[in-house]
Every structure is written in C-alpha cells, then in structure tokens.
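Have a look at the structure below, then the notes.
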Amino acid sequence: MHYISAEKISKSYGIKPLFTNITFHISEGDKIALIARNGTGKSTLLKILAGKDTVDEGSLWVHKDVTVALFEQDPKFDEDGSVADNIFHYRHPVAEAMRNYEKIIAAEDKDPAELSAALARIDELGAWDFEAKVHQILAKLNINFLNQRVKTLSGGQRKRVALAQVLIDIGFEHKHVLLIMDEPTNHLDVAMVEWLESYLNHENVTLMMVTHDRYFLEDVCDEIWEIDGENLYTYKGDYADYLEKKAARIENTVANIDKARNLYRKELEWMRKQPRARTTKSRSREDNFFEIEKKAKQKVVDQQVELQMKMNRLGGKVAELKKVYKSFGDKVILKGFDYTFKKGERLGIIGENGAGKSTFLHMLQGLEPQDSGKINIGDTVVFGNFSQTGLEIKEDMRLIEYVKNIAENFPLADGSTIGASQFLTLFLFPPEQQYTYISKLSGGEKKRLQLLSVLFRNPNFLILDEPTNDLDLPTLSVLENFLSEFPGCLLIVSHDRYFMDRLVDHLFVFEGNGVVRDFPGNYSNYRIEERAKEKEVKKEEPEKSKPTDTQSQITNHKSQITKKFSFKEKREFDQLGKDIANLEAEKAIITDKMMNPSINYDDMQKLSNRIVVITQLLEEKEMRWLELSEYIQ
C-alpha cells in the first residue's frame, strides 16, 4: 500500500528552486535515506511530507489511515513542562498511566500507595509490554531526568528527549506509521546510535530519514533518494551501490549531452540556411531544434568542495607531553599523562561526555593550563581548530568580509595563490551568495564556512571536534578524501564511526578518573573488543543485592504478569539458543581463517566486516535470550 504519493511537486524559496516536477511514492515497509547538499531542500521535503509545509505546484496525497511522525533537528517543546509531560503528551490512557508511573519512579521519595495504584492501572490497561519498551527507550537514551523542566536542558538532552518522544508516540499507533527523521544521530554517543540502529531494524516501521552517518544509513536503509539539480533520483541498495550508480548516471548523462551537442551543430547550420517562409514540416523541425538546443546546453555539475591547500612546513618536533596532570576539583582529567606526537600522526579521541576530551584539546593548543607537567609544542606547528562552538563572529557580517578579515589571499599546492572570493567559490559559495550575511546561512552552510576559515589559515596540525555534525554527505565525503591525503597531523573527536574508521589508525580512550588508554586500532576494532569485555563481565556478574521495598513491589507485580507469556515466546526462546550456537560456530571458523598468513587483503576485509555483523547479532540475541530466560521456566 502507498502511504504517500507525490505527482510533479515543486518548491522554491524566492527565486531559488529547490526541486521541480518530482514524482515519487512511499510504500509500507520502505526505509529510505534522503541525500542532498545543504540548502537544496532535504529538510523542506521532510516538512512537506509531515504536513508542516506546502508545495508550490503539483499534488501530494497521504493515505487516510497513515500517521506521519516527524523528528526535527530543532524540536518544539512545552518549555515550562517537565520531561515526562513532554514525552507522554499523547491524550491516551496508556500514555497517562505511563506518565504517572514514570513520575513516581523518578521521585526521590516514592509513596508505596501511589506506586501500587500506578502499577494496578498499568495492569488494568494490559500495558506491560509497552511499559517495557518505554523503559528500554528511556534507559538507552540515558533519560533519567523525567521531572526536570525542559527549559533547563542542554542541547544534547533536548535532542534525546525529542527522539524518545517520537519513538514512544509511534508506539501508540498499532500500524501504518511513517516515521520521518532529520539527522537522528546528532548528539547521540556510539552506544545510543547502535541501539537506535537495532531498534529501527526490529520495529515494523516505514521510515524516511536524512543522516550523515553512513554506517547508520547502511544498517537501517535499503533505498537512497538524492535531490540533485532540482531533480530526484532513486537508488536501490546501500551507500556503496549509490556511489557506483550515481557515477554511472553522470557518465551516461554526459554522453547524451555530447550527442545532443553534435546534433545541435548540424541543426543550427540547417536553421541558418532556411528561408523565412517555413513549411509545416520545417516548422516541426524548428520546434525540435529548440528541444535539442535545450539539451545540448545542459551542464552536468557534480559540485564538490575542492581542497588543494599548501600546508605550512612541519618540523621534526611536533608536540610533547610529559607527566601532565589536570583536575577540576575532585574531577581528574589527566593523571601523569605522557605522549610524544609524531609527524603525520592520525589519532582519534573517544570517551564519555565529561571525561575531559575537550579539555585535552584546549590544553594542547595552550587555551587551558595544565596543573603540572610540561607541554612542549614545536616552533613550526600551526594549529587549525574545527570546534563544536561553530563560527566565532563578534558581529554579523557578509561572507566575503569574514574571509578577508582572515587573509586576502590563499596559497595553493602548485605555488599560485587565489583571492578570498575564489576560495569561497571553491567551497560552493558562488559570487552572488558571497555578499549574503552569515546570519542568513543554513546550519550546514555555516559549518562549511567554518571549515573554510580553518583551512584558510593554512594549518599543519588539524584538530577536529565533532566535524561531521550538520555537514551534508557529499561535502563530508570530499572532506574525508582531503584528510586521508593530508600530510600534517590529525586529531579527531567524533561519534561518526565511518569517519573515524577511515581516517585514524589509533585511539586515545578517555576512560575517566584521569585514565587515558592508547588503543592500537580504529573505532570498529575498539567496539569489538569492548563488546567482548562486556560479555565477560555479564558472565562474572555477582548476585544482585537485595532489592528495596519499592523494588520488591515492582518485581513482585511484574512476576505475576510473566505467567501470561505465550507459546510463541517459548518457541522464540528455543530458536534463540540455536541461533546463538550457529553464530558462535561461524565466528570460530572465520577467526581461524583470519589467522591464515596467506590470506589476501580483500578477503581479510570481508571477514572482518562479517565478524562485526556476527558480534552485533550475538549481542542482540543474547540480550533477548537473557530477557526471556527470566520469565520462561
């Protein structure tokens, strides 16, 4: 069944067309990723589908039985309301019961009588399955502040609350839900992103989303749509298939334009020779000529940010840290840290929020003093800092003024120089846009301008703090290509696993309490090791402490519910045991193959990728097996 059908819809902002005469259908079960450059209509199209914007031309039809749920980049809340009030805003008996129950659970002093009444109400509504899903969503997104006012939340907390809200909302709809998500992984750590991948894959939901996280895109979506040059192109398959098919499309389009140009030259010669009086046949040929002319004068512009900078020379001494200590009160950031950076260092930094990653970056650049120890920076080092704070401007100004305030000219790799206006053009800011005020730019365009301003200073030690947020995928791909060839030092903090895997060869893992571990591998290698450790911890986990009276009430009440588990769940439990055994056997076989010294690189890469998939499947199935094992005797 078609959830949404669009026929020849168009949308413009002022004189700028975003898309023109595009037609498409979204059917039940589709999982679509939408790709386009920033400012070309991605978010606008999502809002149109959600009924928050309208088309200029064409028709849009939404099936009457379909509920459209939208997760926006800038979520709207009742600012004075609590987190619980905003998450359970539905006027639905189950939502009201859940809101009441969660408020009691979150309170410091729980009233046993109120808790008992709340539990009885959930039981009366038969909502325990939904209650378990709500708890999973809140726990995985680390939302443990349900009684806090929304207006007091940080930006990251707001995004997580909005995500919980939309996931719980669609739980009230039994079928026919189209979930639309605009950059859902921003402000989520890797564990949250991996959980969201699993959740969306296991939920029976039709999905359309914009994301810059390519691992997330590949794991969740099976179709990619691209807005390019006012047109919409669709590609079945994953991100690699999309890149291959797009290249073939552009090549085919260029070939057709070349043919049209050859025909155009011949027809133009005929037109010039013809007398003014036309026959019906010649008038038909004349009309056809104008169609050929239009096609021949097409331009295929696969615009990319071109980065051909000439790096400042980097000497033998880069940076040296000796016995560095740093604390904020009782919070220890570094405890006797030692490290010597080498030329060409490619290092990623990971760790929980608040572990000290940003403090470390600031100390390295001399923006934050250490408590003790030495930090020696080489004389030739020029830092380029791409920070999360974004553009720093004292007052609103035009793009060209902002860049000229940094420098009038920029040196290129071939020894020549270009001016500020040409440099802006290379970064996809055409001359007519260069006199636009910075305040008028989209979030992604501001990020692109920030990147430009960092590179315009010609650094040889790049520090990138969450650089992928708000960058579109085409720009991100080109940035990666540039960074992979960058001869200077790279220091990257990012939750984008694909970005980290491609660019870094080892990690600083901030484990808290001043402990920083140097891990010899990329992000995927690290996650495989961590999952293995988590499994070992679960096996060795001691018996849980005796529950409190309140916990006993909840546990005892839920134990009564478990008697209602069905034959289907028992069968699922048996099948999970078989699946886990088969996956463990396959993992052992692959591990043996990878130990073979004669294996070639391509086979090793395929086996490594499969190991990652198996490890994730094992984790999911073991968690479900453990969950069912608590209930099924």
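Identifiers in this document derive from the order of the structure tokens: chains are assigned A, B, ..., residues are numbered from 1 separately in each chain, and ligands are numbered from 1 in order of occurrence.
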Worksheet entry | Residue neighbourhood stretch 614-616 of chain A, 8 Å, only C-alpha atoms, exclusion window fewer than 6 positions, as a list in words |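 These residues fall inside the cut-off: Ile528, Arg531, Leu583 and Lys587 of chain A.
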Any chance you can output those residues with N, CA and C atoms as an mmCIF file, in the first residue's frame?
```cif
data_model
loop_
_atom_site.group_PDB
_atom_site.id
_atom_site.type_symbol
_atom_site.label_atom_id
_atom_site.label_comp_id
_atom_site.auth_asym_id
_atom_site.auth_seq_id
_atom_site.Cartn_x
_atom_site.Cartn_y
_atom_site.Cartn_z
ATOM 1 N N ILE A 528 34.579 -3.904 18.949
ATOM 2 C CA ILE A 528 34.600 -5.371 19.015
ATOM 3 C C ILE A 528 35.217 -5.808 20.343
ATOM 4 N N ARG A 531 32.794 -5.060 23.302
ATOM 5 C CA ARG A 531 31.667 -5.993 23.406
ATOM 6 C C ARG A 531 32.110 -7.315 24.022
ATOM 7 N N LEU A 583 25.874 -18.905 15.323
ATOM 8 C CA LEU A 583 26.702 -17.714 15.145
ATOM 9 C C LEU A 583 28.066 -17.890 15.814
ATOM 10 N N LYS A 587 31.590 -17.719 13.884
ATOM 11 C CA LYS A 587 32.619 -16.792 14.343
ATOM 12 C C LYS A 587 33.952 -17.513 14.539
#
```
Surrounding residues of A:Leu141 excluding itself and chain neighbours under 3 positions, 9 Å, only C-alpha atoms, as a compact mmCIF listing (two decimals) with C-alpha atoms, in the first residue's frame:
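Everything below was put into around-v2.txt:
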```txt
# COMPACT_ATOMS: atom_id res chain seq x y z
CA GLN A 136 14.15 0.46 27.16
CA ILE A 137 13.92 3.72 25.19
CA LEU A 138 14.47 5.92 28.25
CA ASN A 144 16.98 9.83 33.91
CA ARG A 160 17.44 12.83 23.16
CA VAL A 161 14.11 13.79 24.75
CA LEU A 163 13.87 11.25 19.99
CA ALA A 164 12.30 9.41 22.95
CA LEU A 188 24.00 10.60 20.42
CA MET A 192 22.98 5.06 21.56
CA TRP A 195 20.91 0.77 19.84
```
Worksheet entry | For A:Glu57, the nearest of the candidates A:Lys342, A:Lys16, A:Lys11, A:Lys76, counting only C-alpha atoms |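 Among the listed residues, the smallest separation from A:Glu57 belongs to A:Lys11.
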Item to complete: Using DSSP on the backbone coordinates, identify the residues of stretch 50-297 of chain A assigned to alpha helix (DSSP H); present them as a PyMOL selection string.
Response: chain A and resi 83-87+93-106+112-125+128-140+155-171+190-202+214-220+239-273+280-296
Practice prompt. To one decimal in Å, tell me the separation between atom CA of A:Met594 and atom CA of A:Phe216.
Written response: 26.1 Å
With only C-alpha atoms as the counted atoms, please give the residues lying no more than 12 Å from A:Leu49, apart from itself and same-chain residues fewer than 5 positions off, as a CSV table (one decimal) with N, CA and C atoms, in the first residue's frame.
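Below you can see part.csv, which holds the result:
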```csv
chain,number,residue,atom,x,y,z
A,3,TYR,N,1.8,4.8,1.2
A,3,TYR,CA,1.5,5.7,2.3
A,3,TYR,C,1.4,7.1,1.8
A,4,ILE,N,2.3,7.5,0.9
A,4,ILE,CA,2.3,8.9,0.3
A,4,ILE,C,2.6,8.8,-1.2
A,5,SER,N,1.9,9.6,-1.9
A,5,SER,CA,2.2,9.7,-3.4
A,5,SER,C,2.3,11.2,-3.7
A,6,ALA,N,3.4,11.5,-4.5
A,6,ALA,CA,3.6,12.9,-4.9
A,6,ALA,C,3.7,12.9,-6.4
A,9,ILE,N,5.6,17.6,-8.0
A,9,ILE,CA,5.6,18.6,-7.0
A,9,ILE,C,6.8,19.5,-7.2
A,24,PHE,N,7.1,10.7,-6.8
A,24,PHE,CA,7.6,9.5,-6.1
A,24,PHE,C,6.4,8.9,-5.2
A,25,HIS,N,6.6,7.7,-4.7
A,25,HIS,CA,5.7,7.0,-3.8
A,25,HIS,C,6.5,6.5,-2.7
A,26,ILE,N,5.9,6.5,-1.5
A,26,ILE,CA,6.5,5.9,-0.3
A,26,ILE,C,5.5,4.8,0.1
A,42,LYS,N,16.4,19.2,1.5
A,42,LYS,CA,16.1,18.0,2.3
A,42,LYS,C,15.1,18.2,3.4
A,43,SER,N,15.4,19.1,4.3
A,43,SER,CA,14.5,19.3,5.4
A,43,SER,C,13.2,19.9,5.0
A,44,THR,N,13.2,20.7,3.9
A,44,THR,CA,11.9,21.2,3.4
A,44,THR,C,11.0,20.1,2.9
A,54,THR,N,4.1,23.4,2.6
A,54,THR,CA,3.3,23.1,1.4
A,54,THR,C,4.1,23.2,0.1
A,55,VAL,N,3.6,22.5,-0.9
A,55,VAL,CA,4.3,22.6,-2.2
A,55,VAL,C,3.8,23.8,-3.0
A,59,SER,N,0.7,17.8,-6.8
A,59,SER,CA,-0.2,17.3,-5.8
A,59,SER,C,0.5,16.3,-4.9
A,60,LEU,N,0.1,16.3,-3.6
A,60,LEU,CA,0.6,15.4,-2.6
A,60,LEU,C,-0.5,14.7,-1.9
A,61,TRP,N,-0.5,13.4,-1.9
A,61,TRP,CA,-1.6,12.6,-1.3
A,61,TRP,C,-1.1,11.7,-0.2
A,62,VAL,N,-1.7,11.8,1.0
A,62,VAL,CA,-1.3,10.9,2.2
A,62,VAL,C,-2.5,10.0,2.5
A,63,HIS,N,-2.2,8.8,2.6
A,63,HIS,CA,-3.3,7.8,2.9
A,63,HIS,C,-4.0,8.1,4.2
A,66,VAL,N,-2.8,6.5,7.5
A,66,VAL,CA,-1.4,6.7,7.8
A,66,VAL,C,-1.1,7.8,8.8
A,67,THR,N,-0.4,7.5,9.9
A,67,THR,CA,0.1,8.5,10.8
A,67,THR,C,1.5,8.9,10.5
A,68,VAL,N,1.8,10.2,10.3
A,68,VAL,CA,3.1,10.7,10.0
A,68,VAL,C,3.7,11.3,11.2
A,69,ALA,N,4.9,10.7,11.7
A,69,ALA,CA,5.6,11.3,12.8
A,69,ALA,C,6.9,11.9,12.4
A,70,LEU,N,7.2,13.1,12.8
A,70,LEU,CA,8.4,13.8,12.4
A,70,LEU,C,9.3,14.1,13.6
A,178,LEU,N,4.4,6.3,9.3
A,178,LEU,CA,5.5,6.8,8.5
A,178,LEU,C,6.4,7.6,9.5
A,179,LEU,N,7.6,7.1,9.8
A,179,LEU,CA,8.5,7.9,10.7
A,179,LEU,C,9.5,8.7,9.8
A,180,ILE,N,9.5,10.0,10.0
A,180,ILE,CA,10.4,10.9,9.3
A,180,ILE,C,11.4,11.4,10.3
A,181,MET,N,12.7,11.2,10.0
A,181,MET,CA,13.7,11.6,10.9
A,181,MET,C,14.8,12.5,10.2
A,207,LEU,N,10.0,4.2,7.1
A,207,LEU,CA,11.0,5.2,7.5
A,207,LEU,C,11.5,6.0,6.4
A,208,MET,N,11.6,7.3,6.6
A,208,MET,CA,12.4,8.2,5.7
A,208,MET,C,13.2,9.1,6.5
A,209,MET,N,14.5,9.2,6.2
A,209,MET,CA,15.4,10.0,7.1
A,209,MET,C,16.5,10.7,6.3
```
Discussion item. As a list in words, please: the residues near A:Ile350 (cut-off 9 Å, only C-alpha atoms, same-chain neighbours under 2 positions excluded).
Written reply: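 Here the qualifying residues turn out to be Gly348, Glu352, Lys357, Ile492, Val493, Ser494, His495, Leu507, Phe508, Val509, Phe510, Glu511 and Tyr523 of chain A.
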Fill in: Residues flagged strand (DSSP E or B) by DSSP in stretch 369-469 of chain A, as a list in words
Ser372, Gly373, Lys374, Ile375, Asn376, Ile377, Phe383, Gly384, Asn385, Phe386, Arg398, Asn409, Phe410, Pro411, Leu412, Thr417, Ile418, Gly419, Tyr437, Phe461, Leu462, Ile463, Leu464 and Asp465 of chain A
Take the residues from that selection and put them in a file with C-alpha atoms, as a PDB file, in the first residue's frame.
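result.pdb, written as the output of this step:
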```pdb
ATOM      1  CA  SER A 372      51.610  20.368  36.472  1.00  0.00           C
ATOM      2  CA  GLY A 373      53.897  18.715  33.935  1.00  0.00           C
ATOM      3  CA  LYS A 374      55.122  20.037  30.599  1.00  0.00           C
ATOM      4  CA  ILE A 375      53.506  20.552  27.191  1.00  0.00           C
ATOM      5  CA  ASN A 376      56.076  21.483  24.555  1.00  0.00           C
ATOM      6  CA  ILE A 377      54.846  22.479  21.079  1.00  0.00           C
ATOM      7  CA  PHE A 383      47.003  24.526  14.737  1.00  0.00           C
ATOM      8  CA  GLY A 384      43.739  24.514  12.822  1.00  0.00           C
ATOM      9  CA  ASN A 385      40.843  24.113  15.278  1.00  0.00           C
ATOM     10  CA  PHE A 386      37.464  22.997  13.905  1.00  0.00           C
ATOM     11  CA  ARG A 398      28.970  39.323   4.902  1.00  0.00           C
ATOM     12  CA  ASN A 409      44.978  35.519  -0.497  1.00  0.00           C
ATOM     13  CA  PHE A 410      45.432  31.782  -0.050  1.00  0.00           C
ATOM     14  CA  PRO A 411      48.433  29.686  -1.247  1.00  0.00           C
ATOM     15  CA  LEU A 412      47.702  26.590  -3.373  1.00  0.00           C
ATOM     16  CA  THR A 417      47.561  31.939  -4.867  1.00  0.00           C
ATOM     17  CA  ILE A 418      43.852  32.720  -5.055  1.00  0.00           C
ATOM     18  CA  GLY A 419      41.823  35.526  -3.521  1.00  0.00           C
ATOM     19  CA  TYR A 437      25.101  37.952   5.746  1.00  0.00           C
ATOM     20  CA  PHE A 461      48.047  20.242  12.753  1.00  0.00           C
ATOM     21  CA  LEU A 462      44.276  19.875  12.376  1.00  0.00           C
ATOM     22  CA  ILE A 463      42.075  19.413  15.446  1.00  0.00           C
ATOM     23  CA  LEU A 464      38.527  18.400  14.508  1.00  0.00           C
ATOM     24  CA  ASP A 465      35.918  18.296  17.293  1.00  0.00           C
TER      25      ASP A 465
END
```
Worksheet item: Contacts of stretch 116-132 of chain A at 7 Å or less, counting only C-alpha atoms, minus same-chain residues fewer than 3 places along, as JSON, numbers by chain?
Response: {"A": [94, 97, 100, 101, 112, 113, 135, 136]}
Item to complete: Rounded to one decimal place, report the atom CA of A:Glu485-atom CA of A:Leu424 distance in Å.
Response: 21.6 Å
Item to complete: Within 10 Å of A:Ser10, counting only C-alpha atoms, which residues show up once you throw out same-chain ones fewer than 2 positions away? Write them as a list of chain:residue names, please.
Response: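 Here the qualifying residues turn out to be A:Glu7, A:Lys8, A:Ser12, A:Pro17, A:Leu18, A:Phe19, A:Thr20, A:Asn21, A:Ile22, A:Thr23, A:Leu45, A:Thr54, A:Val55, A:Asp56, A:Glu57, A:Gly58, A:Ser59, A:Glu230, A:Asn231.
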Generate the output file for the selected residues, N, CA and C atoms, as a compact mmCIF listing (two decimals), in the first residue's frame.
```
# COMPACT_ATOMS: atom_id res chain seq x y z
N GLU A 7 2.95 13.82 -7.05
CA GLU A 7 2.91 13.93 -8.51
C GLU A 7 3.36 15.32 -8.94
N LYS A 8 4.55 15.36 -9.56
CA LYS A 8 5.09 16.59 -10.15
C LYS A 8 5.05 17.77 -9.18
N SER A 12 10.07 26.26 -4.26
CA SER A 12 11.13 27.27 -4.39
C SER A 12 11.13 28.15 -3.15
N PRO A 17 14.90 27.65 -6.96
CA PRO A 17 14.12 26.41 -6.94
C PRO A 17 14.87 25.32 -6.16
N LEU A 18 14.15 24.63 -5.28
CA LEU A 18 14.75 23.52 -4.52
C LEU A 18 14.60 22.22 -5.30
N PHE A 19 13.37 21.94 -5.76
CA PHE A 19 13.13 20.78 -6.62
C PHE A 19 11.94 21.11 -7.54
N THR A 20 11.93 20.50 -8.72
CA THR A 20 10.96 20.85 -9.75
C THR A 20 10.35 19.59 -10.36
N ASN A 21 9.02 19.50 -10.35
CA ASN A 21 8.27 18.41 -11.01
C ASN A 21 8.77 17.02 -10.61
N ILE A 22 8.95 16.79 -9.32
CA ILE A 22 9.40 15.46 -8.90
C ILE A 22 8.19 14.60 -8.52
N THR A 23 8.27 13.32 -8.84
CA THR A 23 7.20 12.36 -8.59
C THR A 23 7.78 11.17 -7.83
N LEU A 45 11.58 19.12 2.18
CA LEU A 45 10.79 18.00 1.68
C LEU A 45 10.24 17.17 2.84
N THR A 54 4.09 23.39 2.57
CA THR A 54 3.26 23.07 1.40
C THR A 54 4.09 23.17 0.12
N VAL A 55 3.57 22.54 -0.94
CA VAL A 55 4.25 22.60 -2.24
C VAL A 55 3.76 23.83 -3.00
N ASP A 56 4.59 24.30 -3.95
CA ASP A 56 4.17 25.41 -4.81
C ASP A 56 3.29 24.91 -5.95
N GLU A 57 3.66 23.75 -6.48
CA GLU A 57 2.91 23.15 -7.60
C GLU A 57 2.87 21.64 -7.41
N GLY A 58 1.91 21.00 -8.09
CA GLY A 58 1.78 19.55 -8.03
C GLY A 58 0.85 19.12 -6.92
N SER A 59 0.71 17.80 -6.76
CA SER A 59 -0.23 17.27 -5.76
C SER A 59 0.48 16.27 -4.85
N GLU A 230 17.63 20.09 -8.85
CA GLU A 230 16.17 20.22 -8.85
C GLU A 230 15.45 18.91 -9.16
N ASN A 231 16.19 17.84 -9.47
CA ASN A 231 15.60 16.55 -9.78
C ASN A 231 15.75 15.59 -8.61
```
Discussion item. Set the distance at 9 Å and use only C-alpha atoms: which residues neighbour A:Trp625 once local chain neighbours fewer than 2 positions away are removed? I'd like the list as a ChimeraX atom specification.
Written reply: /A:572-574,576-577,620-623,627-630
Please produce an output containing N, CA and C atoms for each residue in the selection, written as a PDB file, in the first residue's frame.
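Written output follows (selection_12.pdb):
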```pdb
ATOM      1  N   GLU A 572      10.310 -18.772  20.556  1.00  0.00           N
ATOM      2  CA  GLU A 572      11.373 -17.808  20.245  1.00  0.00           C
ATOM      3  C   GLU A 572      12.606 -18.073  21.101  1.00  0.00           C
ATOM      4  N   PHE A 573      12.371 -18.410  22.392  1.00  0.00           N
ATOM      5  CA  PHE A 573      13.456 -18.697  23.320  1.00  0.00           C
ATOM      6  C   PHE A 573      14.296 -19.894  22.835  1.00  0.00           C
ATOM      7  N   ASP A 574      13.617 -20.939  22.378  1.00  0.00           N
ATOM      8  CA  ASP A 574      14.310 -22.132  21.871  1.00  0.00           C
ATOM      9  C   ASP A 574      15.111 -21.804  20.613  1.00  0.00           C
ATOM     10  N   LEU A 576      16.310 -18.895  19.685  1.00  0.00           N
ATOM     11  CA  LEU A 576      17.454 -18.040  20.011  1.00  0.00           C
ATOM     12  C   LEU A 576      18.659 -18.872  20.428  1.00  0.00           C
ATOM     13  N   GLY A 577      18.435 -19.937  21.214  1.00  0.00           N
ATOM     14  CA  GLY A 577      19.536 -20.808  21.624  1.00  0.00           C
ATOM     15  C   GLY A 577      20.243 -21.421  20.431  1.00  0.00           C
ATOM     16  N   GLU A 620      22.670  -8.870  20.374  1.00  0.00           N
ATOM     17  CA  GLU A 620      21.213  -8.681  20.364  1.00  0.00           C
ATOM     18  C   GLU A 620      20.485  -9.946  20.799  1.00  0.00           C
ATOM     19  N   LYS A 621      20.897 -11.090  20.231  1.00  0.00           N
ATOM     20  CA  LYS A 621      20.211 -12.348  20.526  1.00  0.00           C
ATOM     21  C   LYS A 621      20.460 -12.803  21.961  1.00  0.00           C
ATOM     22  N   GLU A 622      21.676 -12.591  22.458  1.00  0.00           N
ATOM     23  CA  GLU A 622      21.963 -12.976  23.843  1.00  0.00           C
ATOM     24  C   GLU A 622      21.172 -12.118  24.828  1.00  0.00           C
ATOM     25  N   MET A 623      21.044 -10.811  24.520  1.00  0.00           N
ATOM     26  CA  MET A 623      20.263  -9.930  25.387  1.00  0.00           C
ATOM     27  C   MET A 623      18.795 -10.366  25.424  1.00  0.00           C
ATOM     28  N   GLU A 627      16.673 -11.906  28.524  1.00  0.00           N
ATOM     29  CA  GLU A 627      15.407 -11.285  28.904  1.00  0.00           C
ATOM     30  C   GLU A 627      14.310 -12.342  29.048  1.00  0.00           C
ATOM     31  N   LEU A 628      14.219 -13.251  28.058  1.00  0.00           N
ATOM     32  CA  LEU A 628      13.183 -14.280  28.106  1.00  0.00           C
ATOM     33  C   LEU A 628      13.470 -15.321  29.177  1.00  0.00           C
ATOM     34  N   SER A 629      14.750 -15.580  29.428  1.00  0.00           N
ATOM     35  CA  SER A 629      15.104 -16.616  30.402  1.00  0.00           C
ATOM     36  C   SER A 629      14.645 -16.262  31.813  1.00  0.00           C
ATOM     37  N   GLU A 630      14.418 -14.964  32.064  1.00  0.00           N
ATOM     38  CA  GLU A 630      13.941 -14.553  33.386  1.00  0.00           C
ATOM     39  C   GLU A 630      12.484 -14.958  33.614  1.00  0.00           C
TER      40      GLU A 630
END
```
Practice prompt. Tell me, in Å to one decimal, how far atom CA of A:Asp371 is from atom CA of A:Gly336.
Written response: 10.5 Å
Worksheet entry | Selected residue of minimal separation from A:Tyr435 among A:Ser421, A:Asn147, A:Asn86, A:Thr185, counting only C-alpha atoms |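 Closest to A:Tyr435, using only C-alpha atoms: A:Ser421.
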